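Worksheet: the structure to be examined is printed underneath.
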Amino acid sequence: MATTVWKGHLTFGLISIPVRMTTAARGERISFNQLHKECHSRLKQPLFCPHCNRMVERSEIVKGYEYEKDQYVLFSEEELDKIEPASARVAEIMEFVKIGEVDPLYFDASHYLAPDEGGAKAYQLLMKAMEESGYAAIAKLTMHQREHVVVVRPGSKGLTLHTMFYSNEIRAAESSSTDKVELKDQEKKLAQQLIENLAVPFEPQKYKDAYQENVRGMIAAKLKGQEVTEVAQPHMAPVIDLMEALKKSLAERQAPAKKPPVRAVEPAGPVAVPKKGKKAVG
């Protein structure tokens, strides 16, 4: 079972639904450790107090807010728990909105919301009602010492919850001069044709992280004592004639499909192995 990150009640009018929340998505990437160049030992980040001139244990740490330079007001975990709002345990639905009206720019992290013991019927009622009405719920919940505004929507296997950014956290886009640009009808028609030619059903499983795959290939080559070849980068020429570029793009799409060149990281040639300190491949 996935780790529960929040547990409480989702309230809908006078209906209270016990729920638990688990993480729906998490970024994955290959991470590197920092090593000492001389001996290849892994470096550590110690907790060091410059005033006492010694290392400190985590049990000696308290939280402090710097209200002036080098002046702090201190807080214990117990004090922080005392100020938790009601949304720390109860996520009250404040209103319902059409999900299409919510700009995806506001979405932060995604979670699964599942019914807890005794909440299955009310959970199903709320989910089916939202499915048939086309509405999503806006609520608030507190976790990790922050109150989040969230949107809850029905998914294929249950309710999905997305934490959202507050409006003051959204950065304004830089102004552009696009309103001064005049587009020809033929240009718009060709652009729409190109879009339709590229249109396919959304299949997220076919998209891969080429950089992470190249890193894995590089690691495999290094472990074999080989170097890796540099991935060829495309040459991007500026578009001089927009109409001509659109026509060529359409022509290429309509031509018989050719298999794209494989851009894999290929091992090629030996690499020296360090002699001093700990054994390492580099």
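By convention here, the chains of the structure tokens are called A, B, ... in the order presented, each chain's residues are numbered starting at 1, and ligands are numbered starting at 1 in the order presented.
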
*Would you list the contacts of stretch 104-114 of chain A as a list in words, taking every protein, DNA or RNA residue within 9 Å and counting only C-alpha atoms, but skipping same-chain residues closer than 4 positions in sequence?*
Pro18, Val19, Arg20, Met21, Thr22, Thr23, Ala24, Ala25, Arg26, Ala120, Tyr123, Val150, Val151, Val152, Gly158, Leu159, Thr160, Leu161, His162, Thr163, Met164, Phe165, Tyr166, Ser167, Glu169 and Ile170 of chain A

*In stretch 20-207 of chain A, what's strand (DSSP E or B) per DSSP? Answer as a VMD selection string?*
chain A and resid 20 to 23 35 42 48 to 49 54 to 55 63 to 68 71 to 75 90 to 98 107 to 115 135 to 143 146 to 154 159 to 164

*Please provide the set of residues having any atom within 7 Å of A:Leu10, restricted to only C-alpha atoms, with same-chain residues fewer than 5 positions apart removed, written as a list in words.*
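Listed by chain and then number, they are Ser16, Ile17, Pro18, Val19, Val90, Ala91 and Glu92 of chain A.
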
_Atom-to-atom span, atom CA of A:Gln212 and atom CA of A:Glu28, Å_ =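 Answer for the atom CA of A:Gln212 to atom CA of A:Glu28 separation: 9.1 Å.
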
_At a cut-off of 6 Å, using only C-alpha atoms, what residues contact A:Met127? Leave out same-chain residues fewer than 3 positions from it and give the result as number ranges by chain._
A: 124, 130, 154

Dump as a JSON list (two decimals), in the first residue's frame, selection limited to C-alpha atoms:
```json
[["chain", "number", "residue", "atom", "x", "y", "z"],
["A", 124, "GLN", "CA", -19.01, 6.94, -4.29],
["A", 130, "MET", "CA", -19.36, 15.16, -9.78],
["A", 154, "PRO", "CA", -13.34, 12.36, -10.37]]
```

*Compile the contact shell of A:Asn33 as a ChimeraX atom specification: residues with an atom at most 12 Å away, counting only C-alpha atoms, same-chain residues fewer than 5 positions apart removed.*
/A:40-45

Next, write the just-selected residues to a file, as a PDB file, in the first residue's frame, keeping N, CA and C atoms as the atom set.
```
ATOM      1  N   HIS A  40      38.030  10.179  -3.918  1.00  0.00           N
ATOM      2  CA  HIS A  40      36.734   9.649  -4.348  1.00  0.00           C
ATOM      3  C   HIS A  40      35.856   9.202  -3.188  1.00  0.00           C
ATOM      4  N   SER A  41      36.045   9.788  -2.010  1.00  0.00           N
ATOM      5  CA  SER A  41      35.171   9.514  -0.871  1.00  0.00           C
ATOM      6  C   SER A  41      33.935  10.393  -0.976  1.00  0.00           C
ATOM      7  N   ARG A  42      32.808   9.847  -0.552  1.00  0.00           N
ATOM      8  CA  ARG A  42      31.564  10.621  -0.586  1.00  0.00           C
ATOM      9  C   ARG A  42      31.587  11.698   0.495  1.00  0.00           C
ATOM     10  N   LEU A  43      31.250  12.917   0.096  1.00  0.00           N
ATOM     11  CA  LEU A  43      31.260  14.046   1.021  1.00  0.00           C
ATOM     12  C   LEU A  43      29.969  14.085   1.824  1.00  0.00           C
ATOM     13  N   LYS A  44      30.060  14.530   3.062  1.00  0.00           N
ATOM     14  CA  LYS A  44      28.901  14.641   3.945  1.00  0.00           C
ATOM     15  C   LYS A  44      28.659  16.100   4.285  1.00  0.00           C
ATOM     16  N   GLN A  45      27.399  16.385   4.642  1.00  0.00           N
ATOM     17  CA  GLN A  45      27.037  17.745   5.030  1.00  0.00           C
ATOM     18  C   GLN A  45      26.766  17.752   6.530  1.00  0.00           C
TER      19      GLN A  45
END
```

*What separation in Å, quoted to one decimal, exists between atom CA of A:Ala122 and atom CA of A:Thr11?*
10.0 Å

*So which bits of stretch 7-253 of chain A end up helix (DSSP H, G or I) when you DSSP the backbone, as a PyMOL selection string?*
chain A and resi 58-60+77-82+86-88+99-101+104-106+120-133+167-169+178-180+185-198+204-206+210-223+242-253

*Choose the residue, out of A:Val5, A:Ile30, A:Leu125, A:Leu47, that has the smallest atom-to-atom separation from A:Asn214; count only C-alpha atoms.*
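Checking each candidate against A:Asn214, we get A:Ile30 as the closest.
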
_As an exercise, work out the distance from atom CA of A:Leu74 to atom CA of A:His51 in Å and give it to one decimal place._
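Straight-line distance from atom CA of A:Leu74 to atom CA of A:His51 works out to 17.3 Å.
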